[in-house]
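See structure below.
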Amino acid sequence: MAYSDKVIDHYSNPRNVGTLDKNKKSVGTGLVGAPECGDVMRLQIEVDEATNTITDAKFKTFGCGSAIASSSLATEWLKGKTVDEALAIDNMEIVEELALPPVKIHCSVLAEDAIKSAINDYRVKNGMPELEMAKSHH
Amino acid sequence: MLKLPIYLDNNATTPLDPRVLEAMMPYLTEVFGNAASRNHPFGWAAEEAVDYARDQIASLINCDPKEIIFTSGATESDNLAIKGIYEMYAQKGNHIITTTTEHKAVLDTCKHIEKIGGKVTYLPVNSEGLIDLAELEAAMTPQTILVSIMYGNNETGTIQHIREITAITHKHGALFMTDGTQAVGKIPVDVQADGIDLMAFTAHKMYGPKGVGAMYVRRKNPRVKVTAQMDGGGHERGMRSGTLNVPGIVGLGKACELAKQEMAADAARLGAMRDRLEKELLTLEESYVNGSVERRLPHVANISFKYVEGEGLMMGVKDLAVSSGSACTSASLEPSYVLKALGLSDDLAHSSLRFGLSRFTTDEQIDYAINHVKEAVTKLREMSPLWEMFQEGIDLDKIEWAEH
């Protein structure tokens with residue numbers, strides 16, 4: 001399979017690999033996928049409560065190059081965005097940015113799910129109602 | 001300077017030995033005759049070359065040259081042997097016994113036999129890839145005409161207990177066929193001592209050219225016959241019609257001659273190299289050898305690296321040409337059926353790498369491969385949430401994963 005230059009770049013030099021303290025109130029964690037499906041993504045955000053802005057984002061992904069690249073890109077995009085802006089990220093933007101082929105679109109869907117799941121975790125921790133998962137491709 | 005990528009996929013195919021090419025060259029140019037042309041020197045020269053190759057091949061596997069039938073490769077030989085026996089011995093019975101870890105050339109041929117009314121038993125294997133001899137014996141029936149079990153496995157290198165298997169087969173009056181594709185030319189295969197009645201093998205797995213293979217068919221004790229699967233000029237004692245591929249056959253012959261001379265030394269050298277590669281890679285935590293460690297082809301290693309994903313791993317070892325048990329390298333979604341038959345979970349089957357060394361593999365290449373794989377696995381694990389959970393002592397099987 002031919003990977004795009006951007007996928008190869010994110011795979012070779014992944015941005016923001018790491019772990020935030022999941023017990024902190026300001027941190028939201030999203031863990032999506034399943035080992036037997038071949039992809040597990042964990043995406044974490046740290047939110048500044050006063051401004052509702054994402055100050056840090058980290059990921060760890062078990063998966064193919066496209067899955068790693070999708071989550072790496074997601075963390076890049078998340079930093080500096082407000083939580084509302086982050087919620088608006090659509091998986092197709094990831095597909096376009098990384099030039100993912102059709103068989104790898106599920107990697108971008110997983111990244112979008114991971115973002116939403118992390119935001120939900122943050123919301124629940126801070127006494128806000130859980131969001132309805134708007135999209136369910138799978 | 002090391003040339004990249006490094007070819008370590010020699011179970012898929014081997015490079016042509018320059019000495020084999022040299023032997024073939026005249027038959028690709030001036031000596032072009034049809035070996036079946038009995039009435040002029042062009043034909044005689046071709047026939048002589050074919051006869052010489054038959055001798056070289058017979059000498060490697062300890063048979064009579066007349067017992068060698070030339071084909072286009074091991075897939076054709078597997079088809080011809082199984083379908084040919086099924087048709088020829090239809091009076092005696094319609095039951096065939098094989099294993100779940102055979103090559104597709106055998107498995108799909110057996111499925112075809114089932115479609116046309118035959119019965120096939122697929123013996124399971126244990127975690128080392130070996131069949132249970134008692135299960136084989138229990139599966140034998142008066143209708144069993146053929147037992148077809150590969151000599152050495154293409155994915156794991158596991159070598160079956162061939163002599164014990166042929167003894168059981170013959171005790172019950174059936175014939176024994178083996179797919180010897182990975183074994184012939186790599187380890188001693190003696191059809192007399194082993195009690196093999198039919199065997200498929202090919203040139204391109206032992207430094208010969210692609211597109212030529214052979215089927216060994218026993219002529220004495222008992223005399224074995226197969227029904228031809230292709231109609232035509234009645235070449236190869238009526239079992240396989242078609243003008244002989246003279247340069248290919250010369251190449252197969254030369255490859256067998258070289259194998260006979262160099263097999264022992266190659267096996268010792270490659271075995272030591274393989275062991276070094278394996279020992280180094282097993283220093284990575286949670287890495288496992290697939291298949292039997294004791295009964296194994298000397299040039300093969302198949303290792304799974306837990307908590308890394310197969311396709312990501314393949315991308316990480318881009319400087320190596322290796323095979324993976326991951327479905328992502330093939331058209332189907334299922335991971336390797338051979339590894340699954342050994343009892344591996346999907347994730348371990350996905351994250352396996354198969355290394356196949358050759359006569360041309362160097363110590364320098366192995367050194368590079370060791371570091372390259374270690375780096376890739378380590379890097380991917382640092383990125384893997386599963387690895388982090390494992391290190392924290394979390395049981396991954398107890399997590400409720402969000403299905404997707």
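Chain labels A, B, ... are given in the sequence in which chains occur in the structure tokens; within each chain residues are numbered consecutively from 1, and ligands are likewise numbered from 1 in the order shown.
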Practice problem: Within 9 Å of A:Glu130, counting only C-alpha atoms, which residues show up once you throw out same-chain ones fewer than 4 positions away? Write them as a list of chain:residue names, please. | Solution: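 Result of the neighbour search: A:Ile119, A:Asn120, A:Asp121, A:Arg123, A:Val124.
Within 7 Å of chain B, chain A contributes the residues Val17, Val32, Gly33, Ala34, Pro35, Glu36, Gly38, Arg42, Lys60, Thr61, Phe62, Gly63, Cys64, Gly65 and His138 of chain A, using only C-alpha atoms.
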Can you list, as a PDB file with C-alpha atoms, in the first residue's frame, every protein, DNA or RNA residue that comes within 8 Å of stretch 2-8 of chain B when you count only C-alpha atoms, leaving out same-chain residues fewer than 2 positions away?
ATOM      1  CA  ASN B  10      13.162 -16.406   0.902  1.00  0.00           C
ATOM      2  CA  LYS B 318      10.409  -0.794   5.663  1.00  0.00           C
ATOM      3  CA  ASP B 319      14.111  -1.555   5.160  1.00  0.00           C
ATOM      4  CA  LEU B 320      13.363  -5.280   5.287  1.00  0.00           C
ATOM      5  CA  ALA B 321      11.495  -7.387   2.764  1.00  0.00           C
ATOM      6  CA  VAL B 322       9.705  -9.815   5.088  1.00  0.00           C
ATOM      7  CA  PHE B 355      12.087 -14.142   8.276  1.00  0.00           C
ATOM      8  CA  GLY B 356      13.391 -16.429   5.550  1.00  0.00           C
ATOM      9  CA  LEU B 357      17.161 -16.492   5.109  1.00  0.00           C
ATOM     10  CA  SER B 358      19.019 -17.601   2.005  1.00  0.00           C
ATOM     11  CA  THR B 361      22.120 -13.625   3.379  1.00  0.00           C
ATOM     12  CA  GLU B 364      25.872  -7.733   8.169  1.00  0.00           C
ATOM     13  CA  GLN B 365      22.302  -7.947   6.875  1.00  0.00           C
ATOM     14  CA  ALA B 369      17.682  -6.520  10.604  1.00  0.00           C
TER      15      ALA B 369
END
Practice problem: Please indicate the distance in Å from atom CA of B:Gly291 to atom CA of B:Asp194, rounded to one decimal place. | Solution: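 Interatomic distance here is 22.0 Å.
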Quiz item: By how many Å are atom CA of B:Ser352 and atom CA of B:Ala265 apart?
Solution: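 Atom CA of B:Ser352 sits 28.5 Å away from atom CA of B:Ala265.
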Compile the contact shell of stretch 104-110 of chain A as a short mmCIF file (atom, residue, chain, number, x, y, z; two decimals) with C-alpha atoms, in the first residue's frame: residues with an atom at most 8 Å away, counting only C-alpha atoms, same-chain residues fewer than 2 positions apart removed.
data_model
loop_
_atom_site.label_atom_id
_atom_site.label_comp_id
_atom_site.auth_asym_id
_atom_site.auth_seq_id
_atom_site.Cartn_x
_atom_site.Cartn_y
_atom_site.Cartn_z
CA VAL A 32 -11.74 3.98 21.33
CA GLY A 33 -11.36 0.95 19.11
CA MET A 41 -6.63 5.01 20.05
CA SER A 66 -2.94 5.80 8.94
CA ALA A 67 -4.38 5.35 12.42
CA SER A 70 -4.86 10.44 12.15
CA SER A 71 -4.43 10.63 15.90
CA ASN A 91 -13.34 13.06 10.13
CA MET A 92 -13.41 14.07 6.47
CA ILE A 94 -8.55 14.39 8.48
CA VAL A 95 -9.12 12.28 5.36
CA LEU A 100 -6.31 8.72 3.20
CA PRO A 101 -7.52 6.11 0.73
CA PRO A 102 -11.11 4.79 1.12
CA GLU A 112 -13.04 11.85 15.50
CA ASP A 113 -14.63 9.42 17.96
CA ALA A 114 -11.55 9.70 20.18
CA HIS A 137 -20.48 5.37 11.19
#
